[in-house]
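Here's data14.cif, which has mmCIF, C-alpha atoms:
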data_start
loop_
_atom_site.group_PDB
_atom_site.id
_atom_site.type_symbol
_atom_site.label_atom_id
_atom_site.label_comp_id
_atom_site.auth_asym_id
_atom_site.auth_seq_id
_atom_site.Cartn_x
_atom_site.Cartn_y
_atom_site.Cartn_z
ATOM 1 C CA MET A 1 -0.045 225.288 13.724
ATOM 2 C CA GLU A 2 2.105 225.777 16.811
ATOM 3 C CA THR A 3 1.013 227.733 19.850
ATOM 4 C CA SER A 4 2.963 229.233 22.696
ATOM 5 C CA GLU A 5 0.080 229.094 25.168
ATOM 6 C CA LYS A 6 1.390 228.644 28.681
ATOM 7 C CA ALA A 7 0.915 225.205 30.148
ATOM 8 C CA TYR A 8 0.620 224.550 33.868
ATOM 9 C CA TRP A 9 1.692 221.630 36.010
ATOM 10 C CA THR A 10 -0.594 219.693 38.367
ATOM 11 C CA LYS A 11 0.820 221.392 41.457
ATOM 12 C CA GLU A 12 0.289 224.879 40.014
ATOM 13 C CA VAL A 13 -3.291 224.167 38.969
ATOM 14 C CA ALA A 14 -4.112 222.596 42.347
ATOM 15 C CA GLU A 15 -2.759 225.680 44.136
ATOM 16 C CA ARG A 16 -4.575 228.011 41.753
ATOM 17 C CA LEU A 17 -7.891 226.208 42.302
ATOM 18 C CA ASN A 18 -7.138 225.793 46.011
ATOM 19 C CA ILE A 19 -7.655 222.020 45.937
ATOM 20 C CA GLY A 20 -5.402 219.048 46.662
ATOM 21 C CA GLN A 21 -3.336 217.449 43.913
ATOM 22 C CA SER A 22 -5.055 214.091 44.459
ATOM 23 C CA THR A 23 -8.459 215.793 44.099
ATOM 24 C CA LEU A 24 -7.282 217.405 40.859
ATOM 25 C CA ARG A 25 -6.116 214.043 39.506
ATOM 26 C CA LYS A 26 -9.471 212.478 40.447
ATOM 27 C CA TRP A 27 -11.365 215.249 38.639
ATOM 28 C CA CYS A 28 -9.130 214.889 35.554
ATOM 29 C CA ALA A 29 -9.732 211.136 35.460
ATOM 30 C CA ALA A 30 -13.497 211.759 35.653
ATOM 31 C CA LEU A 31 -13.267 214.272 32.785
ATOM 32 C CA GLU A 32 -11.201 211.859 30.686
ATOM 33 C CA GLU A 33 -13.750 209.089 31.302
ATOM 34 C CA ASN A 34 -16.308 211.425 29.719
ATOM 35 C CA GLY A 35 -14.181 212.013 26.623
ATOM 36 C CA TYR A 36 -12.313 215.163 27.653
ATOM 37 C CA GLN A 37 -8.737 215.263 26.398
ATOM 38 C CA PHE A 38 -5.926 216.998 28.218
ATOM 39 C CA THR A 39 -2.709 217.979 26.510
ATOM 40 C CA LYS A 40 -0.070 215.452 27.487
ATOM 41 C CA GLY A 41 3.702 215.439 27.252
ATOM 42 C CA GLN A 42 5.876 212.621 25.992
ATOM 43 C CA ARG A 43 5.565 210.672 29.244
ATOM 44 C CA GLY A 44 1.811 211.072 29.414
ATOM 45 C CA VAL A 45 1.984 213.833 32.034
ATOM 46 C CA ARG A 46 -0.950 216.249 31.866
ATOM 47 C CA ALA A 47 -0.260 219.830 30.819
ATOM 48 C CA PHE A 48 -3.071 222.180 31.772
ATOM 49 C CA LEU A 49 -4.006 225.047 29.472
ATOM 50 C CA GLU A 50 -6.210 227.987 30.482
ATOM 51 C CA SER A 51 -9.223 226.283 28.873
ATOM 52 C CA ASP A 52 -8.612 223.176 31.004
ATOM 53 C CA ILE A 53 -8.355 225.295 34.151
ATOM 54 C CA GLU A 54 -11.653 227.003 33.262
ATOM 55 C CA VAL A 55 -13.396 223.607 33.004
ATOM 56 C CA LEU A 56 -11.882 222.488 36.325
ATOM 57 C CA GLY A 57 -12.841 225.822 37.923
ATOM 58 C CA LYS A 58 -16.428 225.356 36.745
ATOM 59 C CA MET A 59 -16.426 221.862 38.266
ATOM 60 C CA LYS A 60 -15.238 223.297 41.579
ATOM 61 C CA VAL A 61 -18.024 225.904 41.574
ATOM 62 C CA VAL A 62 -20.656 223.286 40.734
ATOM 63 C CA LEU A 63 -19.378 220.868 43.385
ATOM 64 C CA ASN A 64 -19.012 223.467 46.152
ATOM 65 C CA GLU A 65 -21.958 225.785 45.535
ATOM 66 C CA ILE A 66 -24.567 223.458 44.083
ATOM 67 C CA GLY A 67 -23.390 220.339 45.906
ATOM 68 C CA THR A 68 -23.739 217.867 43.063
ATOM 69 C CA THR A 69 -21.922 214.589 42.554
ATOM 70 C CA LEU A 70 -18.619 214.474 40.695
ATOM 71 C CA GLU A 71 -20.278 212.860 37.656
ATOM 72 C CA GLU A 72 -22.932 215.598 37.485
ATOM 73 C CA ALA A 73 -20.290 218.310 37.888
ATOM 74 C CA VAL A 74 -18.298 216.805 34.992
ATOM 75 C CA LYS A 75 -21.370 216.765 32.746
ATOM 76 C CA ILE A 76 -22.335 220.344 33.632
ATOM 77 C CA ALA A 77 -18.788 221.649 33.078
ATOM 78 C CA LEU A 78 -18.451 219.809 29.750
ATOM 79 C CA ASP A 79 -21.900 220.959 28.564
ATOM 80 C CA GLU A 80 -21.008 224.571 29.354
ATOM 81 C CA ARG A 81 -17.702 224.193 27.530
ATOM 82 C CA GLU A 82 -19.429 222.742 24.463
ATOM 83 C CA ASN A 83 -21.975 225.578 24.478
ATOM 84 C CA ALA A 84 -19.196 228.161 24.700
ATOM 85 C CA LEU A 85 -17.248 226.469 21.886
ATOM 86 C CA ALA A 86 -20.366 226.271 19.703
ATOM 87 C CA HIS A 87 -20.608 230.071 19.788
ATOM 88 C CA VAL A 88 -16.915 230.556 18.962
ATOM 89 C CA ALA A 89 -15.685 227.495 17.091
ATOM 90 C CA PRO A 90 -16.099 227.089 13.327
ATOM 91 C CA SER A 91 -18.146 224.205 11.981
ATOM 92 C CA PRO A 92 -16.324 220.882 11.404
ATOM 93 C CA GLU A 93 -16.328 221.474 7.621
ATOM 94 C CA ASP A 94 -14.388 224.728 8.079
ATOM 95 C CA VAL A 95 -11.646 223.127 10.198
ATOM 96 C CA ALA A 96 -8.435 222.514 8.283
ATOM 97 C CA PRO A 97 -6.594 219.201 8.912
ATOM 98 C CA GLU A 98 -3.657 220.976 10.571
ATOM 99 C CA GLN A 99 -6.053 222.720 13.005
ATOM 100 C CA GLU A 100 -7.483 219.374 14.089
ATOM 101 C CA SER A 101 -4.095 218.338 15.403
ATOM 102 C CA ASP A 102 -3.561 221.508 17.480
ATOM 103 C CA ARG A 103 -3.602 219.608 20.767
ATOM 104 C CA THR A 104 -0.911 217.233 19.506
ATOM 105 C CA THR A 105 1.138 220.163 18.225
ATOM 106 C CA VAL A 106 0.752 221.936 21.565
ATOM 107 C CA ALA A 107 1.967 218.813 23.340
ATOM 108 C CA MET A 108 5.094 218.814 21.210
ATOM 109 C CA SER A 109 5.862 222.552 21.301
ATOM 110 C CA PRO A 110 9.257 223.278 22.903
ATOM 111 C CA GLU A 111 7.823 225.958 25.187
ATOM 112 C CA ILE A 112 5.332 223.558 26.728
ATOM 113 C CA LEU A 113 7.861 220.759 26.964
ATOM 114 C CA ASN A 114 10.315 223.134 28.660
ATOM 115 C CA ALA A 115 7.591 224.343 31.021
ATOM 116 C CA LEU A 116 6.610 220.751 31.793
ATOM 117 C CA LEU A 117 10.219 219.766 32.343
ATOM 118 C CA LYS A 118 10.831 222.770 34.587
ATOM 119 C CA ASN A 119 7.680 222.069 36.603
ATOM 120 C CA TYR A 120 8.497 218.371 36.761
ATOM 121 C CA LYS A 121 11.961 219.193 38.099
ATOM 122 C CA GLU A 122 10.476 221.610 40.651
ATOM 123 C CA ASP A 123 7.925 219.031 41.791
ATOM 124 C CA LEU A 124 10.573 216.325 41.958
ATOM 125 C CA LEU A 125 12.906 218.628 43.881
ATOM 126 C CA SER A 126 10.082 219.501 46.257
ATOM 127 C CA VAL A 127 9.318 215.812 46.852
ATOM 128 C CA VAL A 128 13.009 214.987 47.350
ATOM 129 C CA ARG A 129 13.412 217.885 49.789
ATOM 130 C CA GLU A 130 10.360 216.770 51.757
ATOM 131 C CA GLU A 131 11.612 213.175 51.880
ATOM 132 C CA LEU A 132 15.067 214.380 52.915
ATOM 133 C CA ARG A 133 13.538 216.555 55.638
ATOM 134 C CA GLU A 134 11.489 213.588 56.850
ATOM 135 C CA THR A 135 14.531 211.285 56.770
ATOM 136 C CA LEU A 136 16.660 213.786 58.697
ATOM 137 C CA LYS A 137 13.870 214.275 61.221
ATOM 138 C CA ASN A 138 13.565 210.507 61.707
ATOM 139 C CA GLN A 139 17.341 210.132 62.042
ATOM 140 C CA GLU A 140 17.430 212.958 64.580
ATOM 141 C CA GLU A 141 14.601 211.363 66.570
ATOM 142 C CA ARG A 142 16.378 207.986 66.511
ATOM 143 C CA ALA A 143 19.659 209.628 67.581
ATOM 144 C CA LEU A 144 17.895 211.384 70.478
ATOM 145 C CA GLU A 145 16.232 208.104 71.459
ATOM 146 C CA ARG A 146 19.582 206.276 71.372
ATOM 147 C CA GLU A 147 21.182 209.065 73.412
ATOM 148 C CA LYS A 148 18.355 208.899 75.957
ATOM 149 C CA ILE A 149 18.686 205.109 76.236
ATOM 150 C CA SER A 150 22.464 205.442 76.557
ATOM 151 C CA GLU A 151 22.078 208.049 79.318
ATOM 152 C CA GLU A 152 19.559 205.854 81.155
ATOM 153 C CA ARG A 153 21.896 202.861 80.964
ATOM 154 C CA ALA A 154 24.840 204.965 82.171
ATOM 155 C CA LYS A 155 22.690 206.224 85.053
ATOM 156 C CA GLU A 156 21.647 202.659 85.919
ATOM 157 C CA ARG A 157 25.291 201.507 85.835
ATOM 158 C CA GLU A 158 26.318 204.420 88.052
ATOM 159 C CA GLU A 159 23.521 203.684 90.535
ATOM 160 C CA LYS A 160 24.471 199.997 90.610
ATOM 161 C CA ARG A 161 28.139 200.901 91.076
ATOM 162 C CA ASN A 162 27.215 203.294 93.909
ATOM 163 C CA GLU A 163 25.077 200.597 95.534
ATOM 164 C CA ASN A 164 27.941 198.093 95.260
ATOM 165 C CA LEU A 165 30.393 200.654 96.634
ATOM 166 C CA ALA A 166 28.055 201.444 99.541
ATOM 167 C CA ALA A 167 27.659 197.715 100.258
ATOM 168 C CA VAL A 168 31.451 197.240 100.227
ATOM 169 C CA LEU A 169 31.898 200.236 102.553
ATOM 170 C CA ARG A 170 29.253 198.921 104.961
ATOM 171 C CA GLU A 171 30.873 195.510 104.885
ATOM 172 C CA THR A 172 34.304 197.049 105.498
ATOM 173 C CA LEU A 173 32.966 199.120 108.404
ATOM 174 C CA GLU A 174 31.270 196.042 109.891
ATOM 175 C CA THR A 175 34.500 194.110 109.556
ATOM 176 C CA LYS A 176 36.468 196.941 111.224
ATOM 177 C CA LYS A 177 33.923 197.195 114.048
ATOM 178 C CA MET A 178 34.094 193.468 114.593
ATOM 179 C CA LEU A 179 37.888 193.575 114.494
ATOM 180 C CA VAL A 180 38.024 196.461 116.984
ATOM 181 C CA ALA A 181 35.528 194.721 119.258
ATOM 182 C CA SER A 182 37.515 191.509 119.022
ATOM 183 C CA LEU A 183 40.786 193.293 119.830
ATOM 184 C CA GLU A 184 39.250 195.093 122.805
ATOM 185 C CA GLU A 185 37.876 191.845 124.125
ATOM 186 C CA LYS A 186 41.250 190.174 123.766
ATOM 187 C CA LYS A 187 42.925 193.103 125.573
ATOM 188 C CA LYS A 188 40.474 192.829 128.410
ATOM 189 C CA LYS A 189 40.972 189.133 128.713
ATOM 190 C CA TRP A 190 44.719 189.544 128.669
ATOM 191 C CA TRP A 191 44.540 192.098 131.478
ATOM 192 C CA GLU A 192 42.147 189.978 133.378
ATOM 193 C CA PHE A 193 44.492 187.069 132.954
ATOM 194 C CA TRP A 194 47.167 188.836 135.078
ATOM 195 C CA LYS A 195 44.830 189.912 137.777
#

Represent the structure from my file as structure tokens, please.
Amino acid sequence: METSEKAYWTKEVAERLNIGQSTLRKWCAALEENGYQFTKGQRGVRAFLESDIEVLGKMKVVLNEIGTTLEEAVKIALDERENALAHVAPSPEDVAPEQESDRTTVAMSPEILNALLKNYKEDLLSVVREELRETLKNQEERALEREKISEERAKEREEKRNENLAAVLRETLETKKMLVASLEEKKKKWWEFWK
């Protein structure tokens, strides 16, 4: 039995439940530890069906409104799910062998695999874009830092050159003053010599 029920990716479910992706993964791990099975693709990536989202939504309500622990929220959500299934689901004797493998069939259906692949590509593209943005930002910051350092060094070199130039000019002026004073003294002495 093959189904075309829409499957959702981790990012979509996290946004829909208004929780972080890491929180969603933590909740899923807690559910799996208590025997809950998610539909998984070929690479073991979780595909979330509406029934899975309902269980996770119930956990969120229990955690936020009642304020229980994660373990208690898992038990409450799973108990509610079992009670709901008991009213709807046929007894185990009435279940045909092909119906028992519905979750495996769902995992292999082309629609779900295509949806998973599309969502995986979108998530991967989003991560790559974010990393690229971060890399470009870091490169830009490093370039600005290098430019600032380069400008500071150029300014220091210019100041040093100006100081050296000023020192040379002062020295030259001192030398000229001394030369002029020396020449004037020699002129005086020469005139005095003839007196």

Q: Grab the atom CA of A:Leu136 to atom CA of A:Ile149 distance for me, in Å with one decimal place.
A: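 The value is 19.7 Å.
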
Q) What separation in Å, quoted to one decimal, exists between atom CA of A:Ala84 and atom CA of A:Glu54? A)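 Value for the atom CA of A:Ala84-atom CA of A:Glu54 distance: 11.5 Å.
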
Quick one: 8 Å padding each side, axis-aligned, all listed atoms of stretch 160-173 of chain A - centre and edge lengths in Å to one decimal, as JSON?
{"center_x": 29.4, "center_y": 199.4, "center_z": 99.5, "size_x": 25.8, "size_y": 23.8, "size_z": 33.8}

Q | Expected selection from the PyMOL selection byres ((chain A and resi 13) around 10), given as a ChimeraX atom specification | A | /A:7-12,14-21,24,47-50,52-53,56-57

Q) Do you have the atom CA of A:Ala77-atom CA of A:Lys26 distance handy? A) 15.0 Å

(Q) Given all atoms listed in the file as the basis, pick out the residue of A:Leu144, A:Val74, A:Val168, A:Cys28 nearest to A:Val45. (A)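 The closest residue to A:Val45 is A:Cys28.
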
Q | Distance criterion (all atoms listed in the file): nearest to A:Glu80 out of A:Ser51, A:Asn119, A:Ser150, A:Ser22 | A | A:Ser51

Q: Name the residues in contact with A:Glu72 at a cut-off of 12 Å, using all atoms listed in the file, excluding same-chain residues fewer than 3 positions from it; report them as an MDAnalysis selection string.
A: chainID A and resid 27 30:31 34 58:60 62:63 66:69 75:79
